[in-house]
>>> print(open('entry-v6.txt').read())   # compact mmCIF, C-alpha atoms and all ligand atoms
# COMPACT_ATOMS: atom_id res chain seq x y z
CA MET A 17 -4.79 38.45 -18.84
CA LYS A 18 -4.50 34.81 -19.88
CA ALA A 19 -5.13 32.17 -17.24
CA ILE A 20 -5.88 28.47 -17.02
CA VAL A 21 -9.38 28.34 -15.59
CA TRP A 22 -10.36 25.29 -13.54
CA THR A 23 -13.91 24.72 -14.70
CA LYS A 24 -14.81 21.38 -13.04
CA TYR A 25 -13.61 18.73 -10.61
CA GLY A 26 -12.25 15.69 -12.43
CA SER A 27 -10.02 15.22 -15.44
CA ALA A 28 -7.55 17.71 -16.89
CA ASP A 29 -10.07 18.37 -19.72
CA GLY A 30 -11.70 20.87 -17.35
CA LEU A 31 -8.64 23.16 -17.51
CA GLN A 32 -9.24 25.87 -20.11
CA LEU A 33 -7.13 28.75 -21.35
CA ARG A 34 -9.28 31.89 -21.00
CA GLU A 35 -9.02 35.66 -20.91
CA VAL A 36 -9.89 36.84 -17.39
CA ALA A 37 -9.67 40.14 -15.52
CA LYS A 38 -6.17 41.13 -14.42
CA PRO A 39 -6.14 41.31 -10.60
CA SER A 40 -5.35 44.55 -8.79
CA PRO A 41 -3.38 44.54 -5.55
CA LYS A 42 -5.04 45.53 -2.30
CA ASP A 43 -3.19 47.97 -0.05
CA ASN A 44 -1.07 45.19 1.53
CA GLU A 45 -0.54 43.19 -1.68
CA VAL A 46 1.89 43.01 -4.56
CA LEU A 47 0.94 42.37 -8.19
CA ILE A 48 3.31 39.80 -9.71
CA LYS A 49 3.89 39.32 -13.43
CA VAL A 50 4.30 35.54 -13.44
CA TYR A 51 7.20 34.23 -15.50
CA ALA A 52 6.94 30.60 -14.41
CA THR A 53 4.64 28.40 -12.35
CA THR A 54 4.31 24.63 -11.85
CA VAL A 55 2.03 21.62 -12.02
CA THR A 56 2.52 19.35 -9.00
CA THR A 57 1.03 16.05 -7.96
CA ALA A 58 -0.83 18.00 -5.27
CA ASP A 59 -2.41 20.19 -8.01
CA CYS A 60 -3.58 17.08 -9.86
CA GLU A 61 -5.03 15.63 -6.66
CA LEU A 62 -6.84 18.88 -5.91
CA ARG A 63 -8.13 19.22 -9.48
CA SER A 64 -9.60 15.73 -9.44
CA PHE A 65 -10.46 16.00 -5.75
CA LYS A 66 -8.50 12.95 -4.70
CA GLY A 67 -7.13 13.11 -1.20
CA SER A 68 -7.93 12.73 2.47
CA SER A 69 -11.64 12.28 3.14
CA VAL A 70 -11.20 14.39 6.30
CA PHE A 71 -10.69 17.48 4.14
CA TRP A 72 -13.36 16.71 1.48
CA LEU A 73 -16.19 18.82 2.91
CA PRO A 74 -14.12 21.79 4.15
CA MET A 75 -12.28 21.96 0.81
CA ARG A 76 -15.54 21.76 -1.19
CA LEU A 77 -16.99 24.55 0.93
CA TYR A 78 -13.83 26.61 0.43
CA ILE A 79 -13.39 26.07 -3.33
CA GLY A 80 -16.97 25.54 -4.49
CA PHE A 81 -19.40 22.71 -3.76
CA LEU A 82 -20.36 21.39 -7.20
CA LYS A 83 -17.54 22.99 -9.20
CA PRO A 84 -14.71 25.42 -8.46
CA THR A 85 -16.31 28.84 -8.00
CA ARG A 86 -14.25 30.70 -5.37
CA MET A 87 -10.84 29.38 -6.47
CA THR A 88 -10.82 29.00 -10.24
CA ILE A 89 -7.12 29.16 -11.11
CA LEU A 90 -4.78 26.39 -9.89
CA GLY A 91 -1.05 26.72 -9.20
CA GLN A 92 0.63 26.98 -5.81
CA GLU A 93 4.12 27.95 -6.92
CA LEU A 94 5.32 30.89 -9.01
CA ALA A 95 8.27 33.10 -9.84
CA GLY A 96 8.06 36.50 -11.47
CA ASP A 97 8.57 40.23 -11.18
CA ILE A 98 6.65 42.63 -8.99
CA GLU A 99 4.79 44.95 -11.30
CA ALA A 100 2.92 47.06 -8.73
CA THR A 101 2.57 47.35 -4.96
CA GLY A 102 -0.34 48.37 -2.72
CA LYS A 103 0.10 51.58 -0.75
CA ASP A 104 0.95 49.81 2.55
CA VAL A 105 3.61 47.47 1.12
CA THR A 106 7.05 48.10 2.61
CA HIS A 107 9.11 44.90 2.00
CA TYR A 108 8.96 44.80 -1.79
CA LYS A 109 9.17 47.30 -4.64
CA LYS A 110 8.30 47.38 -8.31
CA GLY A 111 10.84 45.37 -10.32
CA ASP A 112 11.79 42.90 -7.54
CA ALA A 113 12.16 39.34 -8.84
CA VAL A 114 10.40 37.00 -6.38
CA PHE A 115 9.41 33.37 -5.92
CA ALA A 116 6.48 32.31 -3.80
CA TRP A 117 4.10 29.67 -2.49
CA THR A 118 0.57 30.97 -3.01
CA GLY A 119 -0.97 28.65 -0.44
CA LEU A 120 -4.66 27.82 -0.65
CA ARG A 121 -5.18 31.06 -2.53
CA LEU A 122 -3.75 29.13 -5.53
CA GLY A 123 -3.78 31.28 -8.72
CA GLY A 124 -0.23 30.68 -10.03
CA ASN A 125 -1.29 29.35 -13.46
CA ALA A 126 -1.93 32.83 -14.87
CA GLU A 127 -0.07 35.79 -16.33
CA TYR A 128 -0.55 37.81 -13.13
CA ALA A 129 -1.21 37.04 -9.46
CA CYS A 130 -1.63 39.15 -6.33
CA LEU A 131 -0.15 38.07 -3.01
CA SER A 132 0.00 39.68 0.41
CA GLU A 133 3.48 41.00 1.13
CA THR A 134 3.46 38.65 4.15
CA ALA A 135 2.79 35.59 1.96
CA THR A 136 5.46 32.85 1.75
CA MET A 137 7.54 34.83 -0.73
CA ALA A 138 11.18 35.87 -1.05
CA ILE A 139 13.52 37.50 -3.51
CA LYS A 140 14.39 34.97 -6.22
CA PRO A 141 17.80 33.27 -5.83
CA ALA A 142 20.28 35.21 -7.94
CA ASN A 143 21.72 32.07 -9.53
CA MET A 144 18.40 30.60 -10.71
CA THR A 145 16.14 31.17 -13.68
CA TYR A 146 12.48 31.95 -12.97
CA ALA A 147 11.61 28.42 -14.10
CA GLU A 148 14.06 26.88 -11.62
CA ALA A 149 12.89 29.18 -8.81
CA ALA A 150 9.20 28.42 -9.43
CA ALA A 151 9.88 24.74 -8.69
CA ILE A 152 11.28 25.40 -5.20
CA PRO A 153 8.52 26.43 -2.76
CA LEU A 154 6.22 23.43 -2.42
CA GLY A 155 8.66 20.53 -2.41
CA GLY A 156 11.54 22.55 -0.96
CA LEU A 157 9.58 23.86 2.01
CA GLU A 158 7.99 20.47 2.71
CA ALA A 159 11.39 18.73 2.72
CA TRP A 160 12.92 21.52 4.82
CA GLN A 161 10.16 21.35 7.40
CA TYR A 162 10.66 17.63 8.00
CA LEU A 163 14.44 17.34 7.74
CA ASN A 164 15.86 20.59 9.12
CA GLY A 165 16.69 19.94 12.78
CA THR A 166 15.88 16.22 12.39
CA VAL A 167 18.74 14.91 10.26
CA GLN A 168 22.17 15.03 11.91
CA ALA A 169 25.61 14.64 10.36
CA GLY A 170 26.70 11.01 10.07
CA GLN A 171 23.17 9.61 10.20
CA GLN A 172 21.78 7.14 7.72
CA VAL A 173 18.64 8.45 6.05
CA LEU A 174 16.23 6.64 3.72
CA ILE A 175 13.99 8.74 1.47
CA ILE A 176 10.93 7.11 -0.12
CA GLY A 177 9.59 8.77 -3.29
CA ALA A 178 12.96 10.49 -3.65
CA GLY A 179 12.46 11.25 -7.34
CA GLY A 180 9.48 13.57 -6.89
CA SER A 181 9.00 17.19 -5.97
CA ILE A 182 9.50 16.77 -2.21
CA GLY A 183 11.93 13.88 -2.57
CA THR A 184 14.50 15.60 -4.79
CA PHE A 185 14.80 18.41 -2.25
CA ALA A 186 14.86 15.91 0.64
CA VAL A 187 17.82 14.05 -0.88
CA GLN A 188 19.82 17.25 -1.33
CA LEU A 189 18.95 18.64 2.11
CA ALA A 190 19.79 15.38 3.88
CA LYS A 191 23.15 15.35 2.08
CA HIS A 192 23.70 18.98 3.04
CA PHE A 193 23.01 18.11 6.70
CA GLY A 194 25.78 15.49 6.45
CA ALA A 195 23.76 12.27 6.21
CA GLU A 196 24.39 9.17 4.15
CA VAL A 197 21.34 9.02 1.90
CA THR A 198 19.53 6.06 0.41
CA ALA A 199 16.92 7.08 -2.17
CA VAL A 200 13.96 4.85 -3.06
CA ASP A 201 11.99 5.35 -6.28
CA HIS A 202 11.14 3.94 -9.69
CA THR A 203 13.82 2.50 -12.05
CA GLU A 204 13.79 5.48 -14.41
CA LYS A 205 14.58 7.99 -11.67
CA LEU A 206 17.64 6.33 -10.13
CA ASP A 207 20.32 7.92 -12.34
CA MET A 208 18.91 11.38 -11.61
CA LEU A 209 18.92 10.55 -7.87
CA ARG A 210 22.60 9.58 -8.01
CA SER A 211 23.30 12.84 -9.87
CA ILE A 212 21.82 14.94 -7.04
CA GLY A 213 23.86 13.16 -4.39
CA ALA A 214 22.12 9.95 -3.29
CA ASP A 215 24.76 7.54 -1.92
CA GLN A 216 22.62 4.46 -2.56
CA VAL A 217 19.49 3.96 -4.61
CA ILE A 218 16.78 1.33 -4.33
CA ASP A 219 14.33 0.54 -7.14
CA TYR A 220 11.03 -0.02 -5.35
CA THR A 221 9.70 -2.01 -8.32
CA LYS A 222 12.46 -4.62 -7.78
CA GLU A 223 13.42 -4.52 -4.11
CA ASP A 224 11.54 -4.15 -0.82
CA PHE A 225 13.83 -2.09 1.41
CA THR A 226 12.10 -3.42 4.53
CA LYS A 227 13.50 -6.89 3.75
CA ASN A 228 17.17 -6.12 3.04
CA GLY A 229 18.32 -5.96 6.68
CA GLN A 230 19.50 -2.33 6.51
CA THR A 231 18.49 0.07 9.26
CA TYR A 232 18.25 3.87 9.26
CA ASP A 233 18.22 6.76 11.73
CA VAL A 234 15.54 8.56 9.72
CA ILE A 235 13.04 7.22 7.19
CA PHE A 236 11.22 10.00 5.33
CA ASP A 237 8.29 8.96 3.12
CA ALA A 238 7.34 11.85 0.80
CA PRO A 239 4.35 10.32 -1.02
CA GLY A 240 3.07 8.34 1.99
CA LYS A 241 3.45 4.92 0.42
CA SER A 242 4.67 3.15 3.57
CA SER A 243 3.67 3.02 7.22
CA LEU A 244 5.48 3.07 10.54
CA SER A 245 4.56 -0.55 11.22
CA ARG A 246 5.98 -1.64 7.83
CA CYS A 247 9.17 0.38 8.33
CA GLU A 248 9.66 -0.61 11.99
CA ARG A 249 12.31 -3.26 11.27
CA SER A 250 14.24 -0.81 9.05
CA LEU A 251 14.58 1.76 11.84
CA LYS A 252 17.49 1.88 14.30
CA PRO A 253 16.42 1.70 17.97
CA ASN A 254 15.90 5.46 18.28
CA GLY A 255 15.18 5.93 14.61
CA GLN A 256 12.52 8.30 13.42
CA TYR A 257 9.83 7.64 10.82
CA LEU A 258 8.34 10.67 9.04
CA SER A 259 5.54 10.73 6.50
CA ALA A 260 4.68 13.87 4.55
CA ASN A 261 1.45 12.42 3.22
CA PRO A 262 -0.20 10.01 5.69
CA GLY A 263 -3.75 8.79 5.10
CA THR A 264 -6.35 9.17 7.87
CA SER A 265 -6.00 5.64 9.22
CA GLN A 266 -2.22 5.89 9.04
CA GLN A 267 -2.30 9.13 11.00
CA LEU A 268 -4.32 7.46 13.76
CA ARG A 269 -2.13 4.33 13.72
CA THR A 270 1.11 6.28 13.90
CA ILE A 271 -0.22 8.43 16.77
CA TRP A 272 -1.02 5.18 18.64
CA ASN A 273 2.43 3.77 17.89
CA VAL A 274 4.04 6.96 19.09
CA ILE A 275 2.06 6.82 22.34
CA THR A 276 2.76 3.17 23.02
CA ARG A 277 6.35 2.93 21.82
CA ARG A 278 7.42 6.47 22.58
CA ARG A 279 8.49 7.25 19.06
CA LYS A 280 8.61 10.88 18.03
CA ALA A 281 5.79 12.39 15.96
CA THR A 282 5.68 11.04 12.42
CA THR A 283 3.82 13.73 10.58
CA GLN A 284 3.42 17.49 10.72
CA TYR A 285 1.00 19.94 9.20
CA THR A 286 2.80 22.16 6.79
CA ASN A 287 3.90 25.47 8.13
CA ARG A 288 5.46 27.11 5.12
CA ARG A 289 7.25 30.05 6.66
CA THR A 290 8.87 32.85 4.72
CA GLU A 291 12.04 32.45 6.77
CA ASN A 292 12.30 28.83 5.59
CA LEU A 293 12.04 29.99 1.98
CA ALA A 294 14.79 32.52 2.73
CA ALA A 295 16.91 29.71 4.25
CA LEU A 296 16.43 27.65 1.07
CA LYS A 297 17.40 30.67 -1.04
CA GLN A 298 20.68 30.91 0.90
CA LEU A 299 21.44 27.22 0.32
CA ILE A 300 20.61 27.59 -3.38
CA GLU A 301 22.89 30.61 -3.73
CA ALA A 302 25.64 28.66 -1.91
CA GLY A 303 25.25 25.93 -4.56
CA LYS A 304 24.01 23.31 -2.06
CA VAL A 305 20.51 22.79 -3.49
CA LYS A 306 19.03 23.03 -6.97
CA SER A 307 15.66 22.28 -8.47
CA VAL A 308 15.29 19.28 -10.75
CA ILE A 309 13.18 20.15 -13.77
CA ASP A 310 11.85 17.42 -16.00
CA ARG A 311 9.63 19.13 -18.59
CA GLN A 312 8.51 22.69 -19.30
CA TYR A 313 5.19 23.51 -21.02
CA PRO A 314 3.75 26.82 -22.24
CA LEU A 315 0.69 28.12 -20.35
CA GLU A 316 -1.71 26.99 -23.05
CA GLN A 317 -0.54 23.37 -22.59
CA THR A 318 -1.17 23.26 -18.83
CA ALA A 319 -3.78 20.48 -19.21
CA GLU A 320 -1.15 18.43 -21.05
CA ALA A 321 1.28 19.07 -18.19
CA HIS A 322 -1.34 17.74 -15.73
CA ARG A 323 -1.73 14.59 -17.82
CA TYR A 324 2.04 14.07 -17.80
CA VAL A 325 2.32 14.58 -14.03
CA GLU A 326 -0.46 12.00 -13.57
CA THR A 327 1.56 9.36 -15.43
CA GLY A 328 3.93 9.28 -12.42
CA MET A 329 6.89 9.47 -14.83
CA LYS A 330 7.89 12.98 -13.76
CA ARG A 331 11.45 13.38 -12.46
CA GLY A 332 11.46 16.21 -9.94
CA ASN A 333 9.27 19.04 -11.19
CA VAL A 334 7.15 20.13 -14.16
CA VAL A 335 7.19 23.85 -14.93
CA ILE A 336 4.80 26.08 -16.88
CA THR A 337 6.77 28.81 -18.63
CA ILE A 338 4.72 31.94 -19.21
CA VAL A 339 7.47 34.41 -20.14
CA HIS A 340 10.44 32.91 -21.95
CA GLU A 341 13.58 34.00 -20.18
CA SER A 342 15.48 34.83 -23.31
CA HIS A 343 12.89 37.62 -23.63
CA THR A 344 13.58 39.01 -20.12
N1 LIG B 401 4.76 18.80 -2.81
C1 LIG B 401 4.38 19.23 -1.60
O1 LIG B 401 4.85 20.21 -1.05
C2 LIG B 401 3.37 18.48 -0.82
C3 LIG B 401 2.98 18.91 0.40
C4 LIG B 401 2.15 18.13 1.14
C5 LIG B 401 1.71 16.95 0.65
N2 LIG B 401 2.05 16.57 -0.54
C6 LIG B 401 1.60 15.31 -1.03
O2 LIG B 401 2.71 14.43 -0.92
C7 LIG B 401 2.68 13.55 -2.01
C8 LIG B 401 4.03 13.57 -2.67
O3 LIG B 401 4.28 14.85 -3.20
P1 LIG B 401 5.35 15.09 -4.34
O4 LIG B 401 5.06 16.43 -4.89
O5 LIG B 401 6.72 14.78 -3.87
O6 LIG B 401 4.89 13.96 -5.40
P2 LIG B 401 5.63 13.45 -6.69
O7 LIG B 401 6.45 14.53 -7.27
O8 LIG B 401 4.59 12.80 -7.53
O9 LIG B 401 6.64 12.33 -6.14
C9 LIG B 401 6.26 11.12 -5.59
C10 LIG B 401 7.33 10.09 -5.96
O10 LIG B 401 7.07 8.89 -5.23
C11 LIG B 401 7.33 7.80 -6.12
N3 LIG B 401 6.66 6.60 -5.62
C12 LIG B 401 5.39 6.16 -5.83
N4 LIG B 401 5.19 5.01 -5.17
C13 LIG B 401 6.34 4.71 -4.53
C14 LIG B 401 6.74 3.64 -3.69
N5 LIG B 401 5.91 2.65 -3.35
N6 LIG B 401 8.00 3.66 -3.19
C15 LIG B 401 8.85 4.66 -3.50
N7 LIG B 401 8.53 5.70 -4.31
C16 LIG B 401 7.27 5.72 -4.80
C17 LIG B 401 6.78 8.30 -7.44
O11 LIG B 401 7.32 7.53 -8.51
P3 LIG B 401 6.37 6.70 -9.53
O12 LIG B 401 5.13 7.53 -9.73
O13 LIG B 401 7.20 6.57 -10.78
O14 LIG B 401 6.08 5.42 -8.91
C18 LIG B 401 7.32 9.72 -7.45
O15 LIG B 401 8.64 9.79 -7.95
C19 LIG B 401 1.53 13.98 -2.91
O16 LIG B 401 0.44 13.13 -2.68
C20 LIG B 401 1.22 15.38 -2.48
O17 LIG B 401 -0.13 15.75 -2.59
C21 LIG B 401 2.88 17.28 -1.31
>>> encode(input="entry-v6.txt", output="structure tokens", more="lines below")
Ligand SMILES: NC(=O)c1ccc[n+]([C@@H]2O[C@H](COP(=O)([O-])OP(=O)(O)OC[C@H]3O[C@@H](n4cnc5c(N)ncnc54)[C@H](OP(=O)(O)O)[C@@H]3O)[C@@H](O)[C@H]2O)c1
Amino acid sequence: MKAIVWTKYGSADGLQLREVAKPSPKDNEVLIKVYATTVTTADCELRSFKGSSVFWLPMRLYIGFLKPTRMTILGQELAGDIEATGKDVTHYKKGDAVFAWTGLRLGGNAEYACLSETATMAIKPANMTYAEAAAIPLGGLEAWQYLNGTVQAGQQVLIIGAGGSIGTFAVQLAKHFGAEVTAVDHTEKLDMLRSIGADQVIDYTKEDFTKNGQTYDVIFDAPGKSSLSRCERSLKPNGQYLSANPGTSQQLRTIWNVITRRRKATTQYTNRRTENLAALKQLIEAGKVKSVIDRQYPLEQTAEAHRYVETGMKRGNVVITIVHESHT
């Protein structure tokens, strides 16, 4: 099968289209023919090994110390058809159309992938293409985890980095939960944010939201560009600050602030449950949430897709199309 092999840590030049062995499912696994997968900011950070220093050593030990050796195909999101099932699989059958988060197993940027039937996977929403469904799991589950049960109807919610993968789902979910949503991102993304339901938009290149006197019940920072101390004056008295991507020092500082000022926890470690993916599927099929797709690339141009994602210009999601849907 064709796959994009991750040959070295660093630039996207290390991503190479190669012929590799097609995987075979273990007894509890399904073999998925991948129709679409994605390139996310998290993939680019992993590829170049940018990220929290706390995880540097464990991740190098897990993936390969000097170069990727154990995990050699990137891609955490996919949508496709089940082509074969292991003998113990009971939840899925050959021909099922699914979408999934592969987790740290990665492997989505290939023509085929195997996943345990208990992986974070669900039947693809009936009203979505494979490309649209592939863009749901990472950002959708992250936004769901932070906002479901937190945002209440009538609240005022500010979303930082609203134009990205997590942010576009956060805007739509907060609206669905009945909040008034203010979306913060770069100039070029503001029209798209209005189109997915943002009530107000703020261009972070022109305005500092912490200085405009507005206050919010919930501030959700998807890319981790702010801090609780900076956002303090923008929070209502019992307001909650949430960061999906806090740095190490910010994690420690926010824990201290929570202890001393009795604010609720500001960050969570992702628990991407299958039932949350199923809940998102229901909202999608009810027309409440959609995926925002900026560009689509063929598999052989995955390195180019990484370079585009790294420009920061991406609106929503970038998809790698492996099987064109007109051919399905
Ligand atoms: N996707 C996930 O499920 C997931 C899970 C856990 C952690 N993370 C991490 O969370 C981060 C965000 O993920 P993502 O996939 O949503 O990234 P993304 O798609 O790149 O979106 C981030 C957005 O934040 C905007 N931004 C940058 N600086 C900003 C600022 N100062 N104020 C407001 N907006 C700003 C970016 O716009 P410009 O680039 O145009 O400035 C971009 O639109 C990544 O570091 C990722 O590794 C992601």
>>> atom_distance(input="entry-v6.txt", atom1="CA of Thr198 in chain A", atom2="CA of Asp215 in chain A")
5.9 Å
>>> residues_near_ligand(input="entry-v6.txt", ligand="ligand LIG 401 (chain B)", cutoff="6 Å", atoms="all atoms listed in the file", output="list in words")
Thr56, Thr57, Ala58, Leu154, Gly155, Glu158, Ile176, Gly177, Gly179, Gly180, Ser181, Ile182, Gly183, Val200, Asp201, His202, Tyr220, Ala238, Pro239, Lys241, Ala260, Asn261, Gly328, Met329 and Gly332 of chain A
>>> residues_around(input="entry-v6.txt", residues="range 184-190 of chain A", least_positions_apart="4", cutoff="7 Å", atoms="all atoms listed in the file", output="list in words")
Gly155, Gly156, Ala159, Leu163, Val167, Ile175, Ala178, Gly179, Gly180, Gly194, Ala195, Val197, Ile212, Gly213, Ala214, Val305 and Gly332 of chain A
>>> write_last_selection(input="entry-v6.txt", atoms="C-alpha atoms", output="PDB file, in the coordinates of the input")
ATOM      1  CA  GLY A 155       8.660  20.530  -2.410  1.00  0.00           C
ATOM      2  CA  GLY A 156      11.540  22.550  -0.960  1.00  0.00           C
ATOM      3  CA  ALA A 159      11.390  18.730   2.720  1.00  0.00           C
ATOM      4  CA  LEU A 163      14.440  17.340   7.740  1.00  0.00           C
ATOM      5  CA  VAL A 167      18.740  14.910  10.260  1.00  0.00           C
ATOM      6  CA  ILE A 175      13.990   8.740   1.470  1.00  0.00           C
ATOM      7  CA  ALA A 178      12.960  10.490  -3.650  1.00  0.00           C
ATOM      8  CA  GLY A 179      12.460  11.250  -7.340  1.00  0.00           C
ATOM      9  CA  GLY A 180       9.480  13.570  -6.890  1.00  0.00           C
ATOM     10  CA  GLY A 194      25.780  15.490   6.450  1.00  0.00           C
ATOM     11  CA  ALA A 195      23.760  12.270   6.210  1.00  0.00           C
ATOM     12  CA  VAL A 197      21.340   9.020   1.900  1.00  0.00           C
ATOM     13  CA  ILE A 212      21.820  14.940  -7.040  1.00  0.00           C
ATOM     14  CA  GLY A 213      23.860  13.160  -4.390  1.00  0.00           C
ATOM     15  CA  ALA A 214      22.120   9.950  -3.290  1.00  0.00           C
ATOM     16  CA  VAL A 305      20.510  22.790  -3.490  1.00  0.00           C
ATOM     17  CA  GLY A 332      11.460  16.210  -9.940  1.00  0.00           C
TER      18      GLY A 332
END
>>> residues_around(input="entry-v6.txt", residues="Thr136 in chain A", least_positions_apart="5", cutoff="7 Å", atoms="all atoms listed in the file", output="VMD selection string")
chain A and resid 116 to 117 288 to 290
>>> residues_around(input="entry-v6.txt", residues="Phe225 in chain A", least_positions_apart="3", cutoff="9 Å", atoms="only C-alpha atoms", output="PyMOL selection string")
chain A and resi 200+218-220+228-230+247+250
>>> atom_distance(input="entry-v6.txt", atom1="CA of Glu326 in chain A", atom2="CA of Val308 in chain A")
17.6 Å
>>> closest_residue(input="entry-v6.txt", among="A:Leu120, A:Leu131, A:Leu90, A:Leu77", to="Ile48 in chain A", atoms="only C-alpha atoms")
A:Leu131
>>> closest_residue(input="entry-v6.txt", among="A:Leu315, A:Val217, A:Ile79, A:Val334", to="Glu204 in chain A", atoms="all atoms listed in the file")
A:Val217
>>> closest_residue(input="entry-v6.txt", among="A:Met75, A:Ile235, A:Ala147, A:Met17", to="Ala129 in chain A", atoms="only C-alpha atoms")
A:Met17
>>> atom_distance(input="entry-v6.txt", atom1="CA of Arg246 in chain A", atom2="CA of Val173 in chain A")
16.3 Å
>>> closest_residue(input="entry-v6.txt", among="A:Glu291, A:Asp104, A:Glu127, A:Asp59", to="Gly91 in chain A", atoms="only C-alpha atoms")
A:Asp59
>>> closest_residue(input="entry-v6.txt", among="A:Arg34, A:Ile275, A:Lys304, A:Thr118", to="Phe193 in chain A", atoms="only C-alpha atoms")
A:Lys304
>>> residues_around(input="entry-v6.txt", residues="range 60-63 of chain A", least_positions_apart="6", cutoff="12 Å", atoms="all atoms listed in the file", output="mmCIF file with C-alpha atoms, in the frame of the given file")
data_model
loop_
_atom_site.group_PDB
_atom_site.id
_atom_site.type_symbol
_atom_site.label_atom_id
_atom_site.label_comp_id
_atom_site.auth_asym_id
_atom_site.auth_seq_id
_atom_site.Cartn_x
_atom_site.Cartn_y
_atom_site.Cartn_z
ATOM 1 C CA VAL A 21 -9.380 28.340 -15.590
ATOM 2 C CA TRP A 22 -10.360 25.290 -13.540
ATOM 3 C CA THR A 23 -13.910 24.720 -14.700
ATOM 4 C CA LYS A 24 -14.810 21.380 -13.040
ATOM 5 C CA TYR A 25 -13.610 18.730 -10.610
ATOM 6 C CA GLY A 26 -12.250 15.690 -12.430
ATOM 7 C CA SER A 27 -10.020 15.220 -15.440
ATOM 8 C CA ALA A 28 -7.550 17.710 -16.890
ATOM 9 C CA ASP A 29 -10.070 18.370 -19.720
ATOM 10 C CA GLY A 30 -11.700 20.870 -17.350
ATOM 11 C CA LEU A 31 -8.640 23.160 -17.510
ATOM 12 C CA THR A 54 4.310 24.630 -11.850
ATOM 13 C CA PHE A 71 -10.690 17.480 4.140
ATOM 14 C CA TRP A 72 -13.360 16.710 1.480
ATOM 15 C CA MET A 75 -12.280 21.960 0.810
ATOM 16 C CA ARG A 76 -15.540 21.760 -1.190
ATOM 17 C CA ILE A 79 -13.390 26.070 -3.330
ATOM 18 C CA GLY A 80 -16.970 25.540 -4.490
ATOM 19 C CA LYS A 83 -17.540 22.990 -9.200
ATOM 20 C CA PRO A 84 -14.710 25.420 -8.460
ATOM 21 C CA MET A 87 -10.840 29.380 -6.470
ATOM 22 C CA THR A 88 -10.820 29.000 -10.240
ATOM 23 C CA ILE A 89 -7.120 29.160 -11.110
ATOM 24 C CA LEU A 90 -4.780 26.390 -9.890
ATOM 25 C CA GLY A 91 -1.050 26.720 -9.200
ATOM 26 C CA GLN A 92 0.630 26.980 -5.810
ATOM 27 C CA LEU A 120 -4.660 27.820 -0.650
ATOM 28 C CA LEU A 122 -3.750 29.130 -5.530
ATOM 29 C CA THR A 318 -1.170 23.260 -18.830
ATOM 30 C CA ALA A 319 -3.780 20.480 -19.210
ATOM 31 C CA GLU A 320 -1.150 18.430 -21.050
ATOM 32 C CA ALA A 321 1.280 19.070 -18.190
ATOM 33 C CA HIS A 322 -1.340 17.740 -15.730
ATOM 34 C CA ARG A 323 -1.730 14.590 -17.820
ATOM 35 C CA TYR A 324 2.040 14.070 -17.800
ATOM 36 C CA VAL A 325 2.320 14.580 -14.030
ATOM 37 C CA GLU A 326 -0.460 12.000 -13.570
ATOM 38 C CA THR A 327 1.560 9.360 -15.430
ATOM 39 C CA GLY A 328 3.930 9.280 -12.420
ATOM 40 C CA VAL A 334 7.150 20.130 -14.160
#
>>> closest_residue(input="entry-v6.txt", among="A:Tyr108, A:Tyr146, A:Phe81, A:Phe115", to="Glu133 in chain A", atoms="only C-alpha atoms")
A:Tyr108
>>> residues_around(input="entry-v6.txt", residues="Cys130 in chain A", least_positions_apart="5", cutoff="8 Å", atoms="all atoms listed in the file", output="list in words")
Pro39, Ser40, Pro41, Glu45, Val46, Leu47 and Ile48 of chain A
>>> axis_aligned_box(input="entry-v6.txt", around="range 318-327 of chain A", padding_each_side="8 Å", output="JSON")
{"center_x": -0.7, "center_y": 16.3, "center_z": -17.3, "size_x": 22.1, "size_y": 29.9, "size_z": 23.5}
>>> residues_near_point(input="entry-v6.txt", point="(7.6, 31.2, -11.2)", cutoff="12 Å", atoms="all atoms listed in the file", output="MDAnalysis selection string")
chainID A and resid 48:55 91:98 113:118 123:129 137:141 144:154 312 315 334:341
